[in-house]
$ cat model_15.txt   # compact mmCIF, N, CA, C and O atoms
# COMPACT_ATOMS: atom_id res chain seq x y z
N MET A 4 -78.85 236.25 44.00
CA MET A 4 -79.30 235.43 45.10
C MET A 4 -79.31 236.23 46.40
O MET A 4 -80.18 236.06 47.22
N LEU A 5 -78.33 237.09 46.55
CA LEU A 5 -78.25 237.91 47.75
C LEU A 5 -79.47 238.82 47.86
O LEU A 5 -79.96 239.09 48.95
N PHE A 6 -79.98 239.27 46.72
CA PHE A 6 -81.18 240.10 46.70
C PHE A 6 -82.35 239.37 47.36
O PHE A 6 -83.12 239.96 48.13
N LEU A 7 -82.51 238.08 47.06
CA LEU A 7 -83.59 237.30 47.66
C LEU A 7 -83.43 237.17 49.17
O LEU A 7 -84.39 237.29 49.91
N VAL A 8 -82.21 236.93 49.60
CA VAL A 8 -81.94 236.81 51.03
C VAL A 8 -82.24 238.13 51.73
O VAL A 8 -82.89 238.16 52.78
N ASN A 9 -81.80 239.23 51.15
CA ASN A 9 -82.04 240.55 51.74
C ASN A 9 -83.53 240.89 51.77
O ASN A 9 -83.98 241.62 52.65
N ALA A 10 -84.29 240.37 50.82
CA ALA A 10 -85.73 240.63 50.77
C ALA A 10 -86.50 239.69 51.70
O ALA A 10 -87.71 239.80 51.82
N GLY A 11 -85.79 238.79 52.35
CA GLY A 11 -86.45 237.86 53.27
C GLY A 11 -87.13 236.69 52.60
O GLY A 11 -87.99 236.04 53.18
N ILE A 12 -86.72 236.40 51.35
CA ILE A 12 -87.30 235.27 50.62
C ILE A 12 -86.37 234.08 50.79
O ILE A 12 -85.23 234.09 50.32
N SER A 13 -86.86 233.05 51.47
CA SER A 13 -86.02 231.89 51.73
C SER A 13 -86.13 230.88 50.60
O SER A 13 -86.98 230.99 49.72
N SER A 14 -85.29 229.88 50.66
CA SER A 14 -85.32 228.83 49.64
C SER A 14 -86.59 228.01 49.79
O SER A 14 -87.23 227.99 50.84
N SER A 15 -86.94 227.35 48.74
CA SER A 15 -88.18 226.57 48.70
C SER A 15 -88.08 225.35 49.60
O SER A 15 -87.06 224.68 49.65
N GLY A 16 -89.17 225.06 50.29
CA GLY A 16 -89.24 223.84 51.08
C GLY A 16 -89.47 222.62 50.22
O GLY A 16 -89.45 221.50 50.70
N ALA A 17 -89.69 222.85 48.93
CA ALA A 17 -89.95 221.75 48.00
C ALA A 17 -88.68 221.22 47.35
O ALA A 17 -88.75 220.38 46.48
N GLU A 18 -87.54 221.72 47.76
CA GLU A 18 -86.30 221.23 47.19
C GLU A 18 -86.13 219.76 47.51
O GLU A 18 -86.42 219.32 48.62
N ARG A 19 -85.69 219.00 46.54
CA ARG A 19 -85.53 217.56 46.72
C ARG A 19 -84.13 217.14 46.29
O ARG A 19 -83.59 217.66 45.33
N SER A 20 -83.62 216.18 47.01
CA SER A 20 -82.32 215.62 46.65
C SER A 20 -82.53 214.58 45.54
O SER A 20 -83.66 214.14 45.30
N PRO A 21 -81.45 214.17 44.88
CA PRO A 21 -81.60 213.11 43.87
C PRO A 21 -82.23 211.84 44.46
O PRO A 21 -83.05 211.20 43.80
N GLN A 22 -81.88 211.52 45.69
CA GLN A 22 -82.47 210.33 46.32
C GLN A 22 -83.97 210.52 46.56
O GLN A 22 -84.76 209.59 46.40
N ASP A 23 -84.38 211.74 46.93
CA ASP A 23 -85.81 212.04 47.09
C ASP A 23 -86.56 211.79 45.80
O ASP A 23 -87.66 211.23 45.80
N TRP A 24 -85.98 212.20 44.65
CA TRP A 24 -86.64 211.99 43.36
C TRP A 24 -86.73 210.51 43.03
O TRP A 24 -87.75 210.05 42.50
N LEU A 25 -85.69 209.75 43.33
CA LEU A 25 -85.73 208.31 43.09
C LEU A 25 -86.79 207.64 43.95
O LEU A 25 -87.53 206.76 43.48
N ASP A 26 -86.88 208.04 45.20
CA ASP A 26 -87.91 207.49 46.09
C ASP A 26 -89.31 207.83 45.60
O ASP A 26 -90.21 206.98 45.62
N LEU A 27 -89.50 209.06 45.14
CA LEU A 27 -90.79 209.47 44.62
C LEU A 27 -91.15 208.66 43.38
O LEU A 27 -92.29 208.20 43.23
N TYR A 28 -90.19 208.44 42.51
CA TYR A 28 -90.43 207.66 41.29
C TYR A 28 -90.83 206.23 41.65
O TYR A 28 -91.74 205.66 41.03
N GLU A 29 -90.19 205.64 42.63
CA GLU A 29 -90.55 204.29 43.07
C GLU A 29 -91.98 204.26 43.59
O GLU A 29 -92.73 203.32 43.31
N GLN A 30 -92.38 205.28 44.34
CA GLN A 30 -93.75 205.35 44.85
C GLN A 30 -94.75 205.47 43.71
O GLN A 30 -95.81 204.84 43.73
N VAL A 31 -94.40 206.25 42.70
CA VAL A 31 -95.28 206.41 41.54
C VAL A 31 -95.43 205.07 40.83
O VAL A 31 -96.54 204.69 40.43
N GLN A 32 -94.34 204.34 40.68
CA GLN A 32 -94.41 203.04 40.03
C GLN A 32 -95.30 202.09 40.81
O GLN A 32 -96.07 201.33 40.21
N GLU A 33 -95.23 202.10 42.11
CA GLU A 33 -96.01 201.18 42.93
C GLU A 33 -97.49 201.57 42.99
O GLU A 33 -98.36 200.71 42.94
N ILE A 34 -97.77 202.86 43.09
CA ILE A 34 -99.14 203.32 43.34
C ILE A 34 -99.88 203.72 42.07
O ILE A 34 -101.03 203.33 41.86
N LEU A 35 -99.23 204.48 41.21
CA LEU A 35 -99.91 205.05 40.05
C LEU A 35 -99.86 204.15 38.82
O LEU A 35 -100.85 204.04 38.09
N PHE A 36 -98.72 203.50 38.56
CA PHE A 36 -98.56 202.73 37.34
C PHE A 36 -99.65 201.69 37.10
O PHE A 36 -100.07 201.52 35.96
N PRO A 37 -100.10 200.98 38.11
CA PRO A 37 -101.15 199.98 37.84
C PRO A 37 -102.43 200.58 37.27
O PRO A 37 -103.22 199.87 36.66
N HIS A 38 -102.64 201.87 37.42
CA HIS A 38 -103.86 202.52 36.96
C HIS A 38 -103.72 203.19 35.60
O HIS A 38 -104.68 203.76 35.09
N LEU A 39 -102.53 203.12 35.02
CA LEU A 39 -102.28 203.78 33.74
C LEU A 39 -102.47 202.83 32.56
O LEU A 39 -102.32 201.62 32.70
N TRP A 40 -102.74 203.41 31.40
CA TRP A 40 -102.78 202.65 30.16
C TRP A 40 -101.34 202.37 29.73
O TRP A 40 -100.40 203.06 30.13
N ARG A 41 -101.16 201.37 28.88
CA ARG A 41 -99.82 200.97 28.45
C ARG A 41 -99.05 202.13 27.82
O ARG A 41 -97.87 202.33 28.12
N TYR A 42 -99.68 202.92 26.95
CA TYR A 42 -98.97 204.02 26.30
C TYR A 42 -98.55 205.10 27.31
O TYR A 42 -97.53 205.75 27.14
N GLN A 43 -99.33 205.27 28.36
CA GLN A 43 -98.96 206.25 29.39
C GLN A 43 -97.73 205.79 30.14
O GLN A 43 -96.87 206.60 30.47
N LYS A 44 -97.66 204.51 30.43
CA LYS A 44 -96.48 203.97 31.11
C LYS A 44 -95.24 204.15 30.25
O LYS A 44 -94.17 204.47 30.75
N THR A 45 -95.41 203.94 28.94
CA THR A 45 -94.28 204.09 28.01
C THR A 45 -93.78 205.54 28.01
O THR A 45 -92.58 205.77 27.98
N LEU A 46 -94.70 206.49 28.04
CA LEU A 46 -94.29 207.90 28.04
C LEU A 46 -93.53 208.26 29.31
O LEU A 46 -92.62 209.08 29.27
N ILE A 47 -93.89 207.67 30.42
CA ILE A 47 -93.24 207.99 31.70
C ILE A 47 -91.89 207.30 31.82
O ILE A 47 -90.94 207.87 32.30
N ASN A 48 -91.82 206.05 31.40
CA ASN A 48 -90.55 205.31 31.47
C ASN A 48 -89.64 205.85 30.43
O ASN A 48 -88.61 206.04 30.35

$ encode --input "model_15.txt" --output "structure tokens"
Amino acid sequence: MLFLVNAGISSSGAERSPQDWLDLYEQVQEILFPHLWRYQKTLIN
């Protein structure tokens, strides 16, 4: 990890907390789920 810091490579801005993932999942359920087929919803849940 120190090698990355020394090379000037910072951590990803895409890092998410567990709460961020839960919030994203809720948004997917509200926005995307109504457009999916039943089997697709089953695969995601």

$ select_by_dssp --input "model_15.txt" --residues "chain A" --states "alpha helix (DSSP H)" --output "count of residues only"
26

$ atom_distance --input "model_15.txt" --atom1 "CA of Ile34 (chain A)" --atom2 "CA of Ser20 (chain A)"
21.1 Å

$ atom_distance --input "model_15.txt" --atom1 "atom N of Leu25 (chain A)" --atom2 "atom O of Trp40 (chain A)"
20.9 Å

$ atom_distance --input "model_15.txt" --atom1 "atom C of Ser13 (chain A)" --atom2 "atom C of Gln30 (chain A)"
27.7 Å

$ decode --input "model_15.txt" --residues "chain A" --atoms "C-alpha atoms" --output "tab-separated table (two decimals), in the first residue's frame"
chain	number	residue	atom	x	y	z
A	4	MET	CA	0.00	0.00	0.00
A	5	LEU	CA	2.89	2.33	0.76
A	6	PHE	CA	4.10	1.80	-2.81
A	7	LEU	CA	0.84	3.28	-4.12
A	8	VAL	CA	1.10	6.29	-1.83
A	9	ASN	CA	4.71	6.89	-2.85
A	10	ALA	CA	3.71	6.65	-6.52
A	11	GLY	CA	1.07	9.33	-5.98
A	12	ILE	CA	-1.86	6.96	-6.52
A	13	SER	CA	-4.67	7.91	-4.17
A	14	SER	CA	-7.58	5.81	-3.02
A	15	SER	CA	-10.60	5.51	-5.24
A	16	GLY	CA	-13.31	8.13	-5.06
A	17	ALA	CA	-15.77	5.31	-5.69
A	18	GLU	CA	-15.34	3.82	-2.24
A	19	ARG	CA	-18.70	3.32	-0.56
A	20	SER	CA	-19.69	2.69	3.00
A	21	PRO	CA	-22.13	-0.10	3.89
A	22	GLN	CA	-24.83	2.55	4.28
A	23	ASP	CA	-24.03	3.91	0.79
A	24	TRP	CA	-24.61	0.40	-0.64
A	25	LEU	CA	-27.92	0.07	1.20
A	26	ASP	CA	-29.05	3.46	-0.09
A	27	LEU	CA	-28.04	2.52	-3.63
A	28	TYR	CA	-29.96	-0.77	-3.36
A	29	GLU	CA	-33.08	1.10	-2.22
A	30	GLN	CA	-32.78	3.43	-5.21
A	31	VAL	CA	-32.45	0.45	-7.54
A	32	GLN	CA	-35.57	-1.10	-6.04
A	33	GLU	CA	-37.55	2.11	-6.52
A	34	ILE	CA	-36.31	3.06	-10.00
A	35	LEU	CA	-35.13	-0.08	-11.79
A	36	PHE	CA	-37.21	-2.93	-10.34
A	37	PRO	CA	-40.51	-1.86	-11.93
A	38	HIS	CA	-38.88	-2.27	-15.36
A	39	LEU	CA	-37.50	-5.77	-14.79
A	40	TRP	CA	-39.02	-9.15	-15.57
A	41	ARG	CA	-39.97	-11.35	-12.61
A	42	TYR	CA	-36.99	-13.72	-13.05
A	43	GLN	CA	-34.60	-10.75	-13.13
A	44	LYS	CA	-35.97	-9.47	-9.84
A	45	THR	CA	-35.51	-12.94	-8.35
A	46	LEU	CA	-31.86	-13.02	-9.42
A	47	ILE	CA	-31.20	-9.64	-7.81
A	48	ASN	CA	-33.05	-10.31	-4.55
